[in-house]
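What follows is a set of notes on a single structure, which appears directly below.
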Amino acid sequence: MKKILSFILIASLSVSFFCADMSVSAKELTVTTGANSGAGSLRGLLAIAESGDTVTIDPSVSEINLSCELTIDKEITIEASSGVTVIADNCRAFNNTSSSLLTLKNITVTKGLANTGGALYSFGDIKLINCMFIENQASYGGAVYTEGYADILNSSFFNNAAAYGSAVTALDFALIINSSFISNICTAEGGAIEAGGAGPLTSDIYMFNSTVDRNTGYGIYLNSQKSGAGYIYNSIFTSNSLGTCNTPVLGGVNLVDGENGITHDSVFGVNTVRRDDGYLPVLEDGNARNTASLITDLSGLPEMGLSFESYIFEFLLYDKLGNERQDPHNFGAVEVSVTDEVIYPTSLYLGVNNDLGYVTNFESGSTVSDIFDLLTLPLHGRIEIYNSDSSQALQADKLKTGMTIDYYYNKIKVKTYKIAVFGDVTGDGKVLINDLIIAAKHILTPSLLQDEFLQAALVLDEDEVNALSLVNIKKIILNIK
């Protein structure tokens, strides 16, 4: 392990381009207001900053509201020790027009909108550390579009959207470490990342310890006009789908257009595929997973274009699940088998019948929000609650017998449950004398109550509606526990 890590550090440091020019004394400038412009604003300080300066966001500033983009024409670091949210009002947040490095630390950018790079466009190199990009939109690079080298470290991308590269479009080298790309949506190529685009540059991607999950338009699309390659280590690709894309590629990673593709000890599960035109193997159930296991020598890899810095040691000592590696040569995550088995909701308090499709044991007066509190959903499980007229129910709505729960697993609706509320055999959400009368009539005419309405009459899970059922419904009416 020491030999492997030493190689990475030496190789990366030997070609690092992030060495600052120490001959110039950089200064720090502090943002004291979240206003779009004016004294103490981020825009105002960027205007007077010199190349190599650091602009720090004061902890008292939690939000910065922009009505137009911030233009950056020099090497700058923007950081917020306590974190800050930059809200772009139908505009791009950052536009790095220079060929110099732009560094963002502890910055969240949301609501950005542009043709290229909804939150950030960069002609030069970028370094993103502990940043979040949420709900940004563009045609190319929903959150980030960069023509230079990209270092993305400890950062997250949620719900960004684009036609190409919903989270990131990188036209040159990209290094991604310990980052997450979740629920981003693209309509063409690159549900999380598009590398290369239509440009002539070599677009290598190195990904370590990262998660690509629930993106539409597959996970990574490597589309280089030259010899770009993807090197993916210790990462997880799950529940990514093709969406409206027509390109016949894997849901997880498409490395078709690059000459090389290497994945090691990464987990691929429940990614939608169209056919096996990609690098990764496809199982019979339509899921893809990587089967490579060990790396014993990294000397054959191309030179790294960015600096990994010392934190790479901490990341590579543990697998993706946080377990310490036992094999000194095992460079990756714990491999898991992929299955198409659906995992259903469970509950300690409710009666969940997956065979018949009922959820019972709701007391009169329960609300929709109680379902979310009492029902335990697996990872990638989601529910939607509907009234009997098919309209979607609100959290505060009272539960009524006859309402339904649509259950989605890995974005696919796999089950509709019918709700039964104790004693509410009429489906009006109340337990009154009329419910008792109808339950009594059912004893004489056993076909009167059906499905969830029959389940509502079986208050103590009786085998059939009987005198005990009537007693229990009466107790509910009289509020007797």
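FYI, nothing fancy with the structure tokens labels: chains A, B, ... in order, residues from 1 per chain, ligands from 1 as they appear.
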Pull the strand (DSSP E or B) assignments for segment 79-191 of chain A out of DSSP run on the backbone, and list those residues as a PyMOL selection string.
-> chain A and resi 79-88+94-96+102-110+113+116+120-122+126-129+132-134+137+140+144-146+150-153+156-158+161-164+168-170+174-177+180-182+185-189
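When DSSP reads the backbone of this structure, the residues of segment 33-63 of chain A it assigns to alpha helix (DSSP H) are A:Leu42, A:Arg43, A:Gly44, A:Leu45, A:Leu46, A:Ala47, A:Ile48.
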Which residues, written as a list in words, have at least one atom at most 8 Å from segment 354-364 of chain A, with only C-alpha atoms counted and residues fewer than 4 positions away on the same chain left out?
-> Tyr344, Tyr349, Leu350, Leu399, Lys415, Thr416, Tyr417, Lys418, Ile419, Ala420, Val421, Phe422, Gly423, Asp424, Gly429, Lys430, Val431, Glu452, Gln455, Ala456, Val459 and Ile476 of chain A
Restricting the output to C-alpha atoms, write the selected residues as an mmCIF file, in the first residue's frame.
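Below is the file that was written, result37.cif:
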data_model
loop_
_atom_site.group_PDB
_atom_site.id
_atom_site.type_symbol
_atom_site.label_atom_id
_atom_site.label_comp_id
_atom_site.auth_asym_id
_atom_site.auth_seq_id
_atom_site.Cartn_x
_atom_site.Cartn_y
_atom_site.Cartn_z
ATOM 1 C CA TYR A 344 -40.362 -3.620 -0.072
ATOM 2 C CA TYR A 349 -46.506 -0.584 13.682
ATOM 3 C CA LEU A 350 -48.403 -0.945 10.422
ATOM 4 C CA LEU A 399 -56.251 9.176 6.041
ATOM 5 C CA LYS A 415 -46.600 -1.791 -6.051
ATOM 6 C CA THR A 416 -49.805 0.062 -5.227
ATOM 7 C CA TYR A 417 -51.001 -0.463 -1.662
ATOM 8 C CA LYS A 418 -54.583 0.187 -0.540
ATOM 9 C CA ILE A 419 -54.999 1.921 2.820
ATOM 10 C CA ALA A 420 -57.379 0.596 5.465
ATOM 11 C CA VAL A 421 -58.198 2.784 8.500
ATOM 12 C CA PHE A 422 -59.568 0.924 11.538
ATOM 13 C CA GLY A 423 -63.379 1.147 11.563
ATOM 14 C CA ASP A 424 -63.655 3.446 8.524
ATOM 15 C CA GLY A 429 -62.136 9.203 7.140
ATOM 16 C CA LYS A 430 -64.511 9.106 10.113
ATOM 17 C CA VAL A 431 -65.741 6.255 12.293
ATOM 18 C CA GLU A 452 -59.568 -2.514 1.829
ATOM 19 C CA GLN A 455 -59.803 -4.887 6.028
ATOM 20 C CA ALA A 456 -61.036 -1.723 7.796
ATOM 21 C CA VAL A 459 -59.953 -4.048 13.687
ATOM 22 C CA ILE A 476 -63.614 3.455 18.339
#
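Atom pair atom CA of Asp58 of chain A / atom CA of Ile76 of chain A has a distance of 16.7 Å (rounded to one decimal).
If only C-alpha atoms are the atoms counted, then among A:Gly83, A:Thr146, A:Cys91, A:Leu436 the closest residue to Ala467 of chain A is A:Leu436.
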Among the residues A:Val55, A:Leu449, A:Cys68, A:Leu377, the one that comes closest to Asn36 of chain A [using only C-alpha atoms] | A:Cys68
As a compact mmCIF listing (two decimals) with C-alpha atoms, in the first residue's frame, please: the residues near Tyr408 of chain A (cut-off 6 Å, only C-alpha atoms, same-chain neighbours under 2 positions excluded).
# COMPACT_ATOMS: atom_id res chain seq x y z
CA GLY A 381 -37.45 3.38 -2.13
CA ARG A 382 -40.02 6.19 -2.46
CA LYS A 411 -37.49 4.93 -9.86
CA ILE A 412 -39.88 2.20 -11.03
CA LYS A 413 -43.39 1.86 -9.58
CA VAL A 414 -43.55 -1.71 -8.34
Residue neighbourhood Gly142 of chain A, 7 Å, only C-alpha atoms, exclusion window fewer than 5 positions, as an MDAnalysis selection string | chainID A and resid 117:118 136:137 160:162 165:168
Written selection (C-alpha atoms) as a CSV table (one decimal), in the first residue's frame:
chain,number,residue,atom,x,y,z
A,117,GLY,CA,-22.5,26.3,-17.0
A,118,GLY,CA,-25.6,27.2,-15.0
A,136,ASN,CA,-28.8,24.8,-11.5
A,137,GLN,CA,-29.7,24.6,-15.2
A,160,ASN,CA,-29.0,19.9,-11.7
A,161,ALA,CA,-30.3,19.7,-15.2
A,162,ALA,CA,-29.0,20.1,-18.7
A,165,GLY,CA,-23.6,17.0,-18.7
A,166,SER,CA,-26.4,17.7,-16.1
A,167,ALA,CA,-23.9,18.2,-13.3
A,168,VAL,CA,-20.5,18.8,-15.1
By how many Å are atom CA of Gly191 of chain A and atom CA of Lys127 of chain A apart?
-> 21.3 Å
List the neighbours of Ser369 of chain A out to 7 Å using only C-alpha atoms; skip same-chain residues closer than 2 positions along the sequence, and give me the result as a tab-separated table (two decimals) with N, CA and C atoms, in the first residue's frame.
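New file around.tsv:
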chain	number	residue	atom	x	y	z
A	367	THR	N	-52.91	10.91	9.81
A	367	THR	CA	-52.71	11.77	8.64
A	367	THR	C	-51.69	11.15	7.69
A	371	ILE	N	-47.82	8.16	7.72
A	371	ILE	CA	-47.31	7.08	6.88
A	371	ILE	C	-45.79	7.19	6.75
A	372	PHE	N	-45.31	8.39	6.51
A	372	PHE	CA	-43.87	8.59	6.35
A	372	PHE	C	-43.13	8.34	7.66
A	373	ASP	N	-43.79	8.58	8.80
A	373	ASP	CA	-43.17	8.34	10.10
A	373	ASP	C	-43.14	6.86	10.46
A	395	GLN	N	-49.59	16.28	3.08
A	395	GLN	CA	-49.09	15.73	4.34
A	395	GLN	C	-50.11	15.83	5.47
A	396	ALA	N	-50.87	16.91	5.50
A	396	ALA	CA	-51.81	17.14	6.62
A	396	ALA	C	-53.16	16.48	6.40
Spatial neighbours of segment 173-178 of chain A, max dist 6 Å, only C-alpha atoms, sep filter under 2 positions, as a list in words = Tyr149, Ala150, Asp151, Ile152, Leu153, Asn154, Ser203, Asp204, Ile205, Tyr206, Met207, Phe208, Asn209 and Ser210 of chain A
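The two atoms in question, atom CA of Leu42 of chain A and atom CA of Val144 of chain A, are spaced 19.7 Å apart.
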